[in-house]
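Colleague: Coordinates in work.pdb, PDB, C-alpha atoms (C1' of nucleotides), are listed below.
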```
ATOM      1  CA  MET A 727       0.000   0.000   0.000
ATOM      2  CA  LEU A 728       1.383   3.341  -1.084
ATOM      3  CA  PRO A 729       1.392   6.229   1.394
ATOM      4  CA  PHE A 730      -0.542   8.508  -0.933
ATOM      5  CA  SER A 731      -3.700   8.387  -3.015
ATOM      6  CA  LEU A 732      -3.565   8.558  -6.769
ATOM      7  CA  THR A 733      -6.159   8.704  -9.508
ATOM      8  CA  VAL A 734      -4.569   8.517 -12.926
ATOM      9  CA  ARG A 735      -5.853  10.883 -15.577
ATOM     10  CA  PRO A 736      -5.036   9.318 -18.970
ATOM     11  CA  GLY A 737      -3.471  11.690 -21.476
ATOM     12  CA  GLU A 738      -1.448  13.700 -19.006
ATOM     13  CA  PRO A 739       2.171  12.833 -18.131
ATOM     14  CA  ILE A 740       2.202  10.101 -15.499
ATOM     15  CA  VAL A 741       5.309  11.540 -13.854
ATOM     16  CA  GLU A 742       3.707  14.919 -13.208
ATOM     17  CA  GLN A 743       0.552  13.311 -11.856
ATOM     18  CA  ILE A 744       2.446  11.197  -9.347
ATOM     19  CA  VAL A 745       4.697  14.066  -8.296
ATOM     20  CA  TYR A 746       1.563  16.117  -7.720
ATOM     21  CA  ALA A 747      -0.130  13.332  -5.740
ATOM     22  CA  VAL A 748       2.871  13.030  -3.437
ATOM     23  CA  THR A 749       3.118  16.793  -3.071
ATOM     24  CA  ARG A 750      -0.532  16.975  -2.099
ATOM     25  CA  ALA A 751      -0.023  14.177   0.426
ATOM     26  CA  VAL A 752       2.882  16.053   1.997
ATOM     27  CA  VAL A 753       1.316  19.504   2.217
ATOM     28  CA  SER A 754      -1.907  17.997   3.563
ATOM     29  CA  GLY A 755      -0.080  16.131   6.303
ATOM     30  CA  GLN A 756      -0.819  12.619   5.052
ATOM     31  CA  LEU A 757       2.913  12.230   4.721
ATOM     32  CA  ARG A 758       4.899  13.729   7.579
ATOM     33  CA  ALA A 759       8.529  14.724   7.951
ATOM     34  CA  GLY A 760      10.612  11.683   8.786
ATOM     35  CA  ASP A 761       8.326   9.151   7.116
ATOM     36  CA  ARG A 762      10.176   6.721   4.894
ATOM     37  CA  PHE A 763       9.304   6.937   1.234
ATOM     38  CA  PRO A 764       9.005   3.804  -0.960
ATOM     39  CA  SER A 765      12.132   2.842  -2.863
ATOM     40  CA  VAL A 766      12.465   3.478  -6.570
ATOM     41  CA  ARG A 767      12.010  -0.222  -7.304
ATOM     42  CA  THR A 768       8.990  -0.549  -5.019
ATOM     43  CA  LEU A 769       7.416   2.525  -6.579
ATOM     44  CA  SER A 770       8.071   1.029  -9.992
ATOM     45  CA  GLN A 771       6.217  -2.170  -9.110
ATOM     46  CA  GLU A 772       3.297  -0.657  -7.204
ATOM     47  CA  LEU A 773       2.649   2.007  -9.806
ATOM     48  CA  LYS A 774       3.311  -0.433 -12.650
ATOM     49  CA  VAL A 775       5.763   2.012 -14.097
ATOM     50  CA  ASN A 776       9.272   1.756 -15.484
ATOM     51  CA  PRO A 777      12.068   1.970 -12.895
ATOM     52  CA  ASN A 778      13.458   4.824 -14.934
ATOM     53  CA  THR A 779      10.209   6.719 -14.575
ATOM     54  CA  ALA A 780      10.049   6.040 -10.843
ATOM     55  CA  GLN A 781      13.595   7.340 -10.510
ATOM     56  CA  ARG A 782      12.635  10.554 -12.271
ATOM     57  CA  ILE A 783       9.720  10.985  -9.891
ATOM     58  CA  VAL A 784      11.991  10.669  -6.868
ATOM     59  CA  ALA A 785      14.524  13.058  -8.414
ATOM     60  CA  LEU A 786      11.846  15.699  -9.004
ATOM     61  CA  LEU A 787      10.539  15.356  -5.461
ATOM     62  CA  VAL A 788      14.047  15.751  -4.084
ATOM     63  CA  GLU A 789      14.553  18.822  -6.245
ATOM     64  CA  ALA A 790      11.264  20.207  -4.960
ATOM     65  CA  GLY A 791      12.557  19.773  -1.432
ATOM     66  CA  LEU A 792       9.923  17.248  -0.365
ATOM     67  CA  LEU A 793      12.194  14.206  -0.156
ATOM     68  CA  ALA A 794      15.743  13.805   1.128
ATOM     69  CA  VAL A 795      18.105  11.051   0.076
ATOM     70  CA  GLU A 796      19.965   9.051   2.665
ATOM     71  CA  PRO A 797      22.663   7.467   0.506
ATOM     72  CA  GLY A 798      22.565   3.709   0.418
ATOM     73  CA  VAL A 799      19.483   3.669   2.633
ATOM     74  CA  GLY A 800      16.583   5.311   0.831
ATOM     75  CA  THR A 801      14.571   8.512   0.856
ATOM     76  CA  VAL A 802      12.696  10.255   3.640
ATOM     77  CA  VAL A 803      10.002  12.906   3.675
ATOM     78  CA  THR A 804      11.547  16.216   4.682
ATOM     79  CA  ASN A 805      10.194  19.156   6.564
ATOM     80  CA  HIS A 806       9.807  21.191   3.410
ATOM     81  CA  ARG A 807      10.516  24.945   3.248
ATOM     82  CA  GLN A 808      12.783  24.652   6.275
ATOM     83  CA  PRO A 809      15.668  27.162   6.561
ATOM     84  CA  THR A 810      18.063  26.157   3.761
ATOM     85  CA  ALA A 811      16.466  22.737   3.646
ATOM     86  CA  GLY A 812      16.260  22.271  -0.108
ATOM     87  CA  GLY A 813      17.743  24.572  -2.722
ATOM     88  CA  ALA A 814      15.345  27.345  -1.813
ATOM     89  CA  ASP A 815      17.461  30.460  -2.056
ATOM     90  CA  ALA A 816      16.017  33.929  -2.569
ATOM     91  CA  ALA A 817      16.140  33.845  -6.369
ATOM     92  CA  THR A 818      14.526  30.414  -6.576
ATOM     93  CA  ARG A 819      11.795  31.535  -4.221
ATOM     94  CA  ARG A 820      11.073  34.623  -6.280
ATOM     95  CA  SER A 821      10.751  32.674  -9.519
ATOM     96  CA  ASP A 822       8.607  30.053  -7.774
ATOM     97  CA  LEU A 823       6.251  32.797  -6.683
ATOM     98  CA  ALA A 824       6.177  34.287 -10.170
ATOM     99  CA  ALA A 825       5.379  30.871 -11.637
ATOM    100  CA  LEU A 826       2.580  30.390  -9.133
ATOM    101  CA  GLU A 827       1.010  33.673 -10.167
ATOM    102  CA  GLU A 828       1.419  33.197 -13.901
ATOM    103  CA  ARG A 829       0.799  29.466 -14.286
ATOM    104  CA  LEU A 830      -1.760  28.860 -11.545
ATOM    105  CA  ALA A 831      -3.353  32.016 -10.147
ATOM    106  CA  GLU A 832      -4.002  33.822 -13.427
ATOM    107  CA  PRO A 833      -5.487  30.799 -15.236
ATOM    108  CA  LEU A 834      -7.765  30.236 -12.250
ATOM    109  CA  VAL A 835      -8.989  33.807 -12.399
ATOM    110  CA  VAL A 836      -9.435  33.701 -16.176
ATOM    111  CA  GLU A 837     -11.451  30.497 -16.056
ATOM    112  CA  ALA A 838     -13.579  31.797 -13.199
ATOM    113  CA  ARG A 839     -14.445  34.915 -15.176
ATOM    114  CA  ARG A 840     -15.228  32.837 -18.234
ATOM    115  CA  LEU A 841     -17.717  30.879 -16.155
ATOM    116  CA  GLY A 842     -19.208  34.057 -14.738
ATOM    117  CA  ILE A 843     -17.965  33.397 -11.216
ATOM    118  CA  GLY A 844     -17.450  36.544  -9.142
ATOM    119  CA  LEU A 845     -14.370  37.424  -7.097
ATOM    120  CA  ALA A 846     -16.091  36.759  -3.770
ATOM    121  CA  ASP A 847     -17.240  33.302  -4.866
ATOM    122  CA  LEU A 848     -13.792  32.514  -6.259
ATOM    123  CA  VAL A 849     -12.113  33.453  -3.000
ATOM    124  CA  GLU A 850     -14.600  31.245  -1.197
ATOM    125  CA  ILE A 851     -13.692  28.332  -3.483
ATOM    126  CA  VAL A 852      -9.998  28.813  -2.703
ATOM    127  CA  ARG A 853     -10.745  28.904   1.035
ATOM    128  CA  ARG A 854     -12.773  25.709   0.768
ATOM    129  CA  GLN A 855      -9.979  23.891  -1.083
ATOM    130  CA  TRP A 856      -7.528  25.040   1.563
ATOM    131  CA  LYS A 857      -9.641  23.589   4.343
ATOM    132  CA  ARG A 858     -10.264  20.400   2.383
ATOM    133  CA  LEU A 859      -6.546  19.679   2.513
ATOM    134  CA  ASP A 860      -6.598  20.063   6.290
ATOM    135  CA  GLN A 861      -9.479  17.641   6.653
ATOM    136  CA  SER A 862      -7.797  14.905   4.629
ATOM    137  CA  ARG A 863      -5.148  14.701   7.339
TER     138      ARG A 863
ATOM    139  CA  MET B 110      -1.751  43.037 -35.701
ATOM    140  CA  LEU B 111      -3.717  40.490 -33.713
ATOM    141  CA  PRO B 112      -6.335  41.648 -31.201
ATOM    142  CA  PHE B 113      -4.715  39.745 -28.343
ATOM    143  CA  SER B 114      -1.267  39.386 -26.817
ATOM    144  CA  LEU B 115       0.558  36.094 -26.913
ATOM    145  CA  THR B 116       3.827  34.832 -25.477
ATOM    146  CA  VAL B 117       4.587  31.318 -26.640
ATOM    147  CA  ARG B 118       5.871  28.872 -24.061
ATOM    148  CA  PRO B 119       7.745  26.129 -25.947
ATOM    149  CA  GLY B 120       6.905  22.596 -24.909
ATOM    150  CA  GLU B 121       3.225  23.176 -24.250
ATOM    151  CA  PRO B 122       0.555  22.656 -26.934
ATOM    152  CA  ILE B 123       0.342  25.746 -29.113
ATOM    153  CA  VAL B 124      -3.411  25.357 -29.526
ATOM    154  CA  GLU B 125      -4.096  25.520 -25.795
ATOM    155  CA  GLN B 126      -1.818  28.505 -25.380
ATOM    156  CA  ILE B 127      -3.576  30.503 -28.073
ATOM    157  CA  VAL B 128      -7.037  29.523 -26.853
ATOM    158  CA  TYR B 129      -5.984  30.698 -23.414
ATOM    159  CA  ALA B 130      -4.582  33.976 -24.742
ATOM    160  CA  VAL B 131      -7.849  34.739 -26.531
ATOM    161  CA  THR B 132      -9.893  33.739 -23.502
ATOM    162  CA  ARG B 133      -7.853  36.080 -21.332
ATOM    163  CA  ALA B 134      -8.324  38.886 -23.840
ATOM    164  CA  VAL B 135     -12.084  38.358 -23.788
ATOM    165  CA  VAL B 136     -12.601  38.123 -20.032
ATOM    166  CA  SER B 137     -10.334  41.117 -19.490
ATOM    167  CA  GLY B 138     -12.276  43.259 -21.932
ATOM    168  CA  GLN B 139      -9.525  43.645 -24.527
ATOM    169  CA  LEU B 140     -11.885  41.879 -26.887
ATOM    170  CA  ARG B 141     -15.492  42.973 -26.585
ATOM    171  CA  ALA B 142     -18.750  41.416 -27.725
ATOM    172  CA  GLY B 143     -19.331  42.237 -31.390
ATOM    173  CA  ASP B 144     -15.680  42.601 -32.315
ATOM    174  CA  ARG B 145     -14.750  40.713 -35.464
ATOM    175  CA  PHE B 146     -12.268  37.919 -34.949
ATOM    176  CA  PRO B 147      -9.493  37.197 -37.493
ATOM    177  CA  SER B 148     -10.299  34.571 -40.099
ATOM    178  CA  VAL B 149      -8.864  31.074 -39.899
ATOM    179  CA  ARG B 150      -6.489  31.822 -42.760
ATOM    180  CA  THR B 151      -5.383  35.146 -41.297
ATOM    181  CA  LEU B 152      -4.783  33.511 -37.932
ATOM    182  CA  SER B 153      -2.769  30.824 -39.670
ATOM    183  CA  GLN B 154      -0.496  33.381 -41.294
ATOM    184  CA  GLU B 155      -0.073  35.757 -38.360
ATOM    185  CA  LEU B 156       0.610  32.980 -35.877
ATOM    186  CA  LYS B 157       2.739  31.081 -38.398
ATOM    187  CA  VAL B 158       0.650  28.039 -37.731
ATOM    188  CA  ASN B 159      -1.027  25.441 -39.921
ATOM    189  CA  PRO B 160      -4.528  26.377 -41.181
ATOM    190  CA  ASN B 161      -5.744  23.149 -39.632
ATOM    191  CA  THR B 162      -4.410  24.221 -36.262
ATOM    192  CA  ALA B 163      -5.976  27.657 -36.596
ATOM    193  CA  GLN B 164      -9.299  26.018 -37.437
ATOM    194  CA  ARG B 165      -9.132  23.910 -34.285
ATOM    195  CA  ILE B 166      -8.463  27.025 -32.234
ATOM    196  CA  VAL B 167     -11.560  28.714 -33.618
ATOM    197  CA  ALA B 168     -13.631  25.565 -33.067
ATOM    198  CA  LEU B 169     -12.565  25.362 -29.423
ATOM    199  CA  LEU B 170     -13.332  29.020 -28.837
ATOM    200  CA  VAL B 171     -16.787  28.565 -30.360
ATOM    201  CA  GLU B 172     -17.356  25.530 -28.153
ATOM    202  CA  ALA B 173     -16.266  27.575 -25.147
ATOM    203  CA  GLY B 174     -18.898  30.161 -26.059
ATOM    204  CA  LEU B 175     -16.431  32.979 -26.702
ATOM    205  CA  LEU B 176     -16.838  33.167 -30.474
ATOM    206  CA  ALA B 177     -19.903  32.858 -32.699
ATOM    207  CA  VAL B 178     -19.824  31.840 -36.341
ATOM    208  CA  GLU B 179     -21.660  33.896 -38.934
ATOM    209  CA  PRO B 180     -21.756  31.421 -41.825
ATOM    210  CA  GLY B 181     -19.973  32.613 -44.927
ATOM    211  CA  VAL B 182     -18.898  35.809 -43.199
ATOM    212  CA  GLY B 183     -16.591  35.009 -40.300
ATOM    213  CA  THR B 184     -16.568  34.851 -36.527
ATOM    214  CA  VAL B 185     -17.476  37.442 -33.925
ATOM    215  CA  VAL B 186     -16.722  37.757 -30.233
ATOM    216  CA  THR B 187     -19.848  36.885 -28.266
ATOM    217  CA  ASN B 188     -21.168  38.143 -24.988
ATOM    218  CA  HIS B 189     -20.088  34.997 -23.169
ATOM    219  CA  ARG B 190     -22.153  33.371 -20.408
ATOM    220  CA  GLN B 191     -25.282  35.034 -21.774
ATOM    221  CA  PRO B 192     -28.639  33.255 -21.132
ATOM    222  CA  THR B 193     -28.520  30.159 -23.352
ATOM    223  CA  ALA B 194     -25.849  31.788 -25.469
ATOM    224  CA  GLY B 195     -23.449  28.900 -25.828
ATOM    225  CA  GLY B 196     -24.117  25.295 -24.846
ATOM    226  CA  ALA B 197     -24.033  26.142 -21.161
ATOM    227  CA  ASP B 198     -26.776  23.998 -19.664
ATOM    228  CA  ALA B 199     -26.945  23.083 -15.990
ATOM    229  CA  ALA B 200     -24.964  19.848 -16.291
ATOM    230  CA  THR B 201     -22.180  21.473 -18.317
ATOM    231  CA  ARG B 202     -21.970  24.273 -15.817
ATOM    232  CA  ARG B 203     -21.680  21.875 -12.894
ATOM    233  CA  SER B 204     -18.846  19.915 -14.507
ATOM    234  CA  ASP B 205     -17.097  23.151 -15.490
ATOM    235  CA  LEU B 206     -17.168  24.201 -11.856
ATOM    236  CA  ALA B 207     -15.893  20.831 -10.707
ATOM    237  CA  ALA B 208     -13.044  21.025 -13.218
ATOM    238  CA  LEU B 209     -12.152  24.510 -12.002
ATOM    239  CA  GLU B 210     -11.900  23.267  -8.433
ATOM    240  CA  GLU B 211      -9.967  20.097  -9.215
ATOM    241  CA  ARG B 212      -7.696  21.235 -12.037
ATOM    242  CA  LEU B 213      -7.067  24.854 -11.054
ATOM    243  CA  ALA B 214      -8.052  25.710  -7.481
ATOM    244  CA  GLU B 215      -6.607  22.661  -5.742
ATOM    245  CA  PRO B 216      -3.243  22.757  -7.572
ATOM    246  CA  LEU B 217      -2.960  26.439  -6.702
ATOM    247  CA  VAL B 218      -3.548  25.698  -3.032
ATOM    248  CA  VAL B 219      -1.149  22.740  -3.042
ATOM    249  CA  GLU B 220       1.632  24.764  -4.654
ATOM    250  CA  ALA B 221       1.048  27.684  -2.308
ATOM    251  CA  ARG B 222       1.409  25.409   0.711
ATOM    252  CA  ARG B 223       4.513  23.836  -0.760
ATOM    253  CA  LEU B 224       6.046  27.305  -0.971
ATOM    254  CA  GLY B 225       4.964  28.116   2.556
ATOM    255  CA  ILE B 226       2.468  30.749   1.498
ATOM    256  CA  GLY B 227      -0.389  31.272   3.961
ATOM    257  CA  LEU B 228      -4.091  31.357   3.132
ATOM    258  CA  ALA B 229      -4.351  35.111   3.621
ATOM    259  CA  ASP B 230      -1.445  35.803   1.285
ATOM    260  CA  LEU B 231      -2.817  33.383  -1.285
ATOM    261  CA  VAL B 232      -6.201  35.103  -1.265
ATOM    262  CA  GLU B 233      -4.419  38.411  -1.708
ATOM    263  CA  ILE B 234      -2.578  37.017  -4.750
ATOM    264  CA  VAL B 235      -5.864  35.897  -6.291
ATOM    265  CA  ARG B 236      -7.376  39.344  -5.679
ATOM    266  CA  ARG B 237      -4.386  41.037  -7.274
ATOM    267  CA  GLN B 238      -4.593  38.822 -10.375
ATOM    268  CA  TRP B 239      -8.290  39.611 -10.631
ATOM    269  CA  LYS B 240      -7.633  43.338 -10.611
ATOM    270  CA  ARG B 241      -4.727  42.990 -13.009
ATOM    271  CA  LEU B 242      -7.173  41.709 -15.635
ATOM    272  CA  ASP B 243      -9.328  44.794 -15.128
ATOM    273  CA  GLN B 244      -6.376  47.133 -15.582
ATOM    274  CA  SER B 245      -5.324  45.573 -18.859
ATOM    275  CA  ARG B 246      -8.613  46.718 -20.348
TER     276      ARG B 246
ATOM    277  C1'  DA C 353      29.317 -11.257   0.842
ATOM    278  C1'  DT C 354      24.752 -10.260  -0.032
ATOM    279  C1'  DA C 355      21.021  -7.539  -0.854
ATOM    280  C1'  DG C 356      19.060  -3.395  -0.596
ATOM    281  C1'  DT C 357      19.349   1.756  -1.759
ATOM    282  C1'  DG C 358      19.695   5.943  -5.424
ATOM    283  C1'  DT C 359      21.917   7.251  -9.906
ATOM    284  C1'  DA C 360      23.557   7.312 -14.836
ATOM    285  C1'  DC C 361      23.527   6.193 -19.516
ATOM    286  C1'  DT C 362      22.094   4.824 -24.369
ATOM    287  C1'  DA C 363      18.449   3.014 -27.308
ATOM    288  C1'  DG C 364      14.019   1.965 -28.591
ATOM    289  C1'  DT C 365       8.918   2.457 -28.643
ATOM    290  C1'  DC C 366       4.653   4.744 -28.557
ATOM    291  C1'  DT C 367       1.459   8.366 -28.516
ATOM    292  C1'  DA C 368      -0.189  12.956 -29.172
ATOM    293  C1'  DA C 369       0.434  17.376 -31.445
ATOM    294  C1'  DT C 370       1.219  19.624 -35.448
ATOM    295  C1'  DT C 371       1.736  19.951 -40.300
ATOM    296  C1'  DA C 372       0.497  18.985 -45.213
ATOM    297  C1'  DG C 373      -2.760  18.955 -48.862
ATOM    298  C1'  DT C 374      -7.225  18.849 -50.856
ATOM    299  C1'  DA C 375     -12.034  19.583 -51.028
ATOM    300  C1'  DC C 376     -16.740  21.306 -49.944
ATOM    301  C1'  DA C 377     -20.775  24.443 -48.540
ATOM    302  C1'  DC C 378     -21.771  28.952 -47.494
ATOM    303  C1'  DC C 379     -22.187  34.149 -48.118
ATOM    304  C1'  DT C 380     -21.157  38.719 -50.317
ATOM    305  C1'  DA C 381     -19.720  41.585 -53.203
ATOM    306  C1'  DT C 382     -18.704  42.969 -58.214
TER     307       DT C 382
ATOM    308  C1'  DA D1427     -22.964  34.466 -62.305
ATOM    309  C1'  DT D1428     -18.566  34.660 -60.995
ATOM    310  C1'  DA D1429     -14.781  35.552 -58.015
ATOM    311  C1'  DG D1430     -13.085  35.636 -53.604
ATOM    312  C1'  DG D1431     -13.822  35.559 -48.959
ATOM    313  C1'  DT D1432     -15.634  32.687 -44.845
ATOM    314  C1'  DG D1433     -15.812  28.114 -41.695
ATOM    315  C1'  DT D1434     -15.572  22.979 -42.007
ATOM    316  C1'  DA D1435     -14.159  18.084 -43.066
ATOM    317  C1'  DC D1436     -11.110  14.503 -44.185
ATOM    318  C1'  DT D1437      -6.821  11.451 -44.681
ATOM    319  C1'  DA D1438      -1.922  11.114 -44.480
ATOM    320  C1'  DA D1439       2.752  12.372 -43.016
ATOM    321  C1'  DT D1440       5.835  14.335 -39.828
ATOM    322  C1'  DT D1441       7.611  15.841 -35.440
ATOM    323  C1'  DA D1442       8.305  15.998 -30.569
ATOM    324  C1'  DG D1443       7.922  14.301 -26.068
ATOM    325  C1'  DA D1444       6.954  10.737 -22.709
ATOM    326  C1'  DC D1445       7.704   6.397 -21.350
ATOM    327  C1'  DT D1446       9.945   1.902 -21.622
ATOM    328  C1'  DA D1447      13.942  -1.367 -21.953
ATOM    329  C1'  DG D1448      18.210  -2.929 -20.338
ATOM    330  C1'  DT D1449      22.513  -2.555 -18.151
ATOM    331  C1'  DA D1450      25.801  -0.814 -14.980
ATOM    332  C1'  DC D1451      27.852   1.659 -10.969
ATOM    333  C1'  DA D1452      28.674   3.647  -6.090
ATOM    334  C1'  DC D1453      26.934   3.451  -1.637
ATOM    335  C1'  DT D1454      25.236   1.281   3.016
ATOM    336  C1'  DA D1455      23.386  -1.972   6.339
ATOM    337  C1'  DT D1456      23.209  -6.623   7.973
TER     338       DT D1456
END
```
Kindly present the structure from the file in structure tokens form.
Modeller:
Amino acid sequence: MLPFSLTVRPGEPIVEQIVYAVTRAVVSGQLRAGDRFPSVRTLSQELKVNPNTAQRIVALLVEAGLLAVEPGVGTVVTNHRQPTAGGADAATRRSDLAALEERLAEPLVVEARRLGIGLADLVEIVRRQWKRLDQSR
Amino acid sequence: MLPFSLTVRPGEPIVEQIVYAVTRAVVSGQLRAGDRFPSVRTLSQELKVNPNTAQRIVALLVEAGLLAVEPGVGTVVTNHRQPTAGGADAATRRSDLAALEERLAEPLVVEARRLGIGLADLVEIVRRQWKRLDQSR
DNA sequence: ATAGTGTACTAGTCTAATTAGTACACCTAT
DNA sequence: ATAGGTGTACTAATTAGACTAGTACACTAT
């Protein structure tokens, strides 16, 4: 049994979907700092995915600062956004924020307006999603 | 000169990017109801894209309820989300809302938490993006 | 030593996006 | 009516990216 829930959406890159599923599990508290993460080979079998693909997933999660490698042992869930935990320097942080605004926030606002949803309702939707992540803990 | 601004992001489907650019132009008021939209062949030339691709863009925008076809004449920007304007029945609307929550709102919240951004700050970001669309009018 | 861990590398396969080319039905001017 | 504009439909070829396949290496715990 994998320590995170996953519903595959055919047509979109499997790697991104899994990375997102793990990220959601971490930020919602389903995976906590210190928890051991499945090995590349285990991931490969459970997800029925190529070892190479599983490796790329782990690498991306390490780069994102959600997993830490203990050489020869395995990977562990980290306390993300900890002081100098990952590679989160000032410049990285600034570009991350810019990406969040451009790739996530703006498209959300655009789609909301297309559907005729007002700002107040949109904010309420965001608040609800935020609390939903807390509840799944 | 095209009636919308576009910055291509290599690696992502060109069709989606252009559809998004037009959608943003419409919901921000840069394109208003009644404005004529460039023909498929004009689009093809200006965007340096295959006529087939341009046609698919127009088709998607019509399906989204942003453009209306005047047979033999061309396409016009519609007053989107008008009573029974597009194909926006109750069921479509419900699934559109669900997609907005799952594909846009939740990922935004997840990424915000990954970056250590609080709910209040996130809401402020959404508000700022909303107003930014008004200013670009 | 043995078996587990992450990592690296080169090919090959497979699928989706885009391009290419042609054709048709429609409308509006000249 | 004829010429030139519009959106639409269709099949085929090409391109690009994601994923798979297979092998090998350095490291660590037991």
Colleague: If we count only C-alpha atoms (C1' of nucleotides) and set the cut-off at 9 Å, which residues sit around Gln139 (chain B), ignoring sequence neighbours fewer than 2 positions away in its own chain? Please answer as a PyMOL selection string.
Modeller: chain B and resi 112-113+133-137+141+245-246
Colleague: Give, as lines of an AutoDock Vina configuration file, the centre coordinates and the x, y and z edge lengths in Å to one decimal for an axis-aligned box around all listed atoms of region 1447-1454 of chain D, padded by 3 Å on each side.
Modeller:
```
center_x = 21.3
center_y = 0.4
center_z = -9.5
size_x = 20.7
size_y = 12.6
size_z = 31.0
```
Colleague: Should the cut-off be 12 Å, what would the residue list for chain A against chain D look like, counting only C-alpha atoms (C1' of nucleotides), as a ChimeraX atom specification?
Modeller: /A:737-742,770,774-780,782,795-800
Colleague: Rounded to one decimal, what separation in Å do you get between CA of Arg820 (chain A) and CA of Gln244 (chain B)?
Modeller: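 Here the two named atoms are 23.4 Å from each other.
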Colleague: At most 8 Å is the cut-off: for each residue in chain A with any atom that close to an atom of chain B, write down the nearest atom pair and the distance in Å rounded to one decimal, counting all atoms listed in the file, chain first then increasing number, as JSON lines.
Modeller:
```
{"residue": "A:Thr749", "atom": "CA", "partner": "B:Val219", "partner_atom": "CA", "distance": 7.3}
{"residue": "A:Arg750", "atom": "CA", "partner": "B:Val219", "partner_atom": "CA", "distance": 5.9}
{"residue": "A:Val753", "atom": "CA", "partner": "B:Arg222", "partner_atom": "CA", "distance": 6.1}
{"residue": "A:His806", "atom": "CA", "partner": "B:Arg223", "partner_atom": "CA", "distance": 7.2}
{"residue": "A:Arg807", "atom": "CA", "partner": "B:Gly225", "partner_atom": "CA", "distance": 6.4}
{"residue": "A:Arg819", "atom": "CA", "partner": "B:Leu224", "partner_atom": "CA", "distance": 7.8}
{"residue": "A:Asp822", "atom": "CA", "partner": "B:Leu224", "partner_atom": "CA", "distance": 7.8}
{"residue": "A:Leu823", "atom": "CA", "partner": "B:Leu224", "partner_atom": "CA", "distance": 7.9}
{"residue": "A:Leu826", "atom": "CA", "partner": "B:Leu217", "partner_atom": "CA", "distance": 7.2}
{"residue": "A:Glu827", "atom": "CA", "partner": "B:Ile234", "partner_atom": "CA", "distance": 7.3}
{"residue": "A:Leu830", "atom": "CA", "partner": "B:Leu217", "partner_atom": "CA", "distance": 5.5}
{"residue": "A:Ala831", "atom": "CA", "partner": "B:Val235", "partner_atom": "CA", "distance": 6.0}
{"residue": "A:Glu832", "atom": "CA", "partner": "B:Gln238", "partner_atom": "CA", "distance": 5.9}
{"residue": "A:Pro833", "atom": "CA", "partner": "B:Leu213", "partner_atom": "CA", "distance": 7.4}
{"residue": "A:Leu834", "atom": "CA", "partner": "B:Leu213", "partner_atom": "CA", "distance": 5.6}
{"residue": "A:Val835", "atom": "CA", "partner": "B:Trp239", "partner_atom": "CA", "distance": 6.1}
{"residue": "A:Val836", "atom": "CA", "partner": "B:Arg133", "partner_atom": "CA", "distance": 5.9}
{"residue": "A:Glu837", "atom": "CA", "partner": "B:Leu209", "partner_atom": "CA", "distance": 7.3}
{"residue": "A:Ala838", "atom": "CA", "partner": "B:Leu209", "partner_atom": "CA", "distance": 7.5}
{"residue": "A:Arg839", "atom": "CA", "partner": "B:Val136", "partner_atom": "CA", "distance": 6.1}
{"residue": "A:Arg840", "atom": "CA", "partner": "B:Val136", "partner_atom": "CA", "distance": 6.2}
{"residue": "A:Leu841", "atom": "CA", "partner": "B:Arg190", "partner_atom": "CA", "distance": 6.6}
{"residue": "A:Gly842", "atom": "CA", "partner": "B:Arg190", "partner_atom": "CA", "distance": 6.4}
{"residue": "A:Leu845", "atom": "CA", "partner": "B:Trp239", "partner_atom": "CA", "distance": 7.4}
{"residue": "A:Val849", "atom": "CA", "partner": "B:Val232", "partner_atom": "CA", "distance": 6.4}
{"residue": "A:Ile851", "atom": "CA", "partner": "B:Glu210", "partner_atom": "CA", "distance": 7.3}
{"residue": "A:Val852", "atom": "CA", "partner": "B:Ala214", "partner_atom": "CA", "distance": 6.0}
{"residue": "A:Arg853", "atom": "CA", "partner": "B:Leu228", "partner_atom": "CA", "distance": 7.4}
{"residue": "A:Gln855", "atom": "CA", "partner": "B:Glu215", "partner_atom": "CA", "distance": 5.9}
{"residue": "A:Trp856", "atom": "CA", "partner": "B:Val218", "partner_atom": "CA", "distance": 6.1}
```
Colleague: Point out the residue among A:Leu786, A:Val766, A:Val802, A:Ile744 with the least atom-to-atom distance to chain C, counting only C-alpha atoms (C1' of nucleotides).
Modeller: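 Among A:Leu786, A:Val766, A:Val802, A:Ile744, it is A:Val766 that comes nearest to chain C.
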Colleague: Hey, can you check how far CA of Asp761 (chain A) sits from CA of Val803 (chain A)?
Modeller: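 The value is 5.4 Å.
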Colleague: Take CA of Val784 (chain A) and CA of Phe763 (chain A) and report the distance between them in Å, one decimal.
Modeller: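 Pair CA of Val784 (chain A) / CA of Phe763 (chain A) returns 9.3 Å.
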Colleague: Given the file above and the PyMOL selection byres ((chain C) within 12 of (chain B)), which residues are selected, and can you give them as a list in words?
Modeller: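 Listing what the PyMOL selection byres ((chain C) within 12 of (chain B)) selects in the shown file: DA368, DA369, DT370, DT371, DA372, DG373, DA377, DC378, DC379, DT380 and DA381 of chain C.
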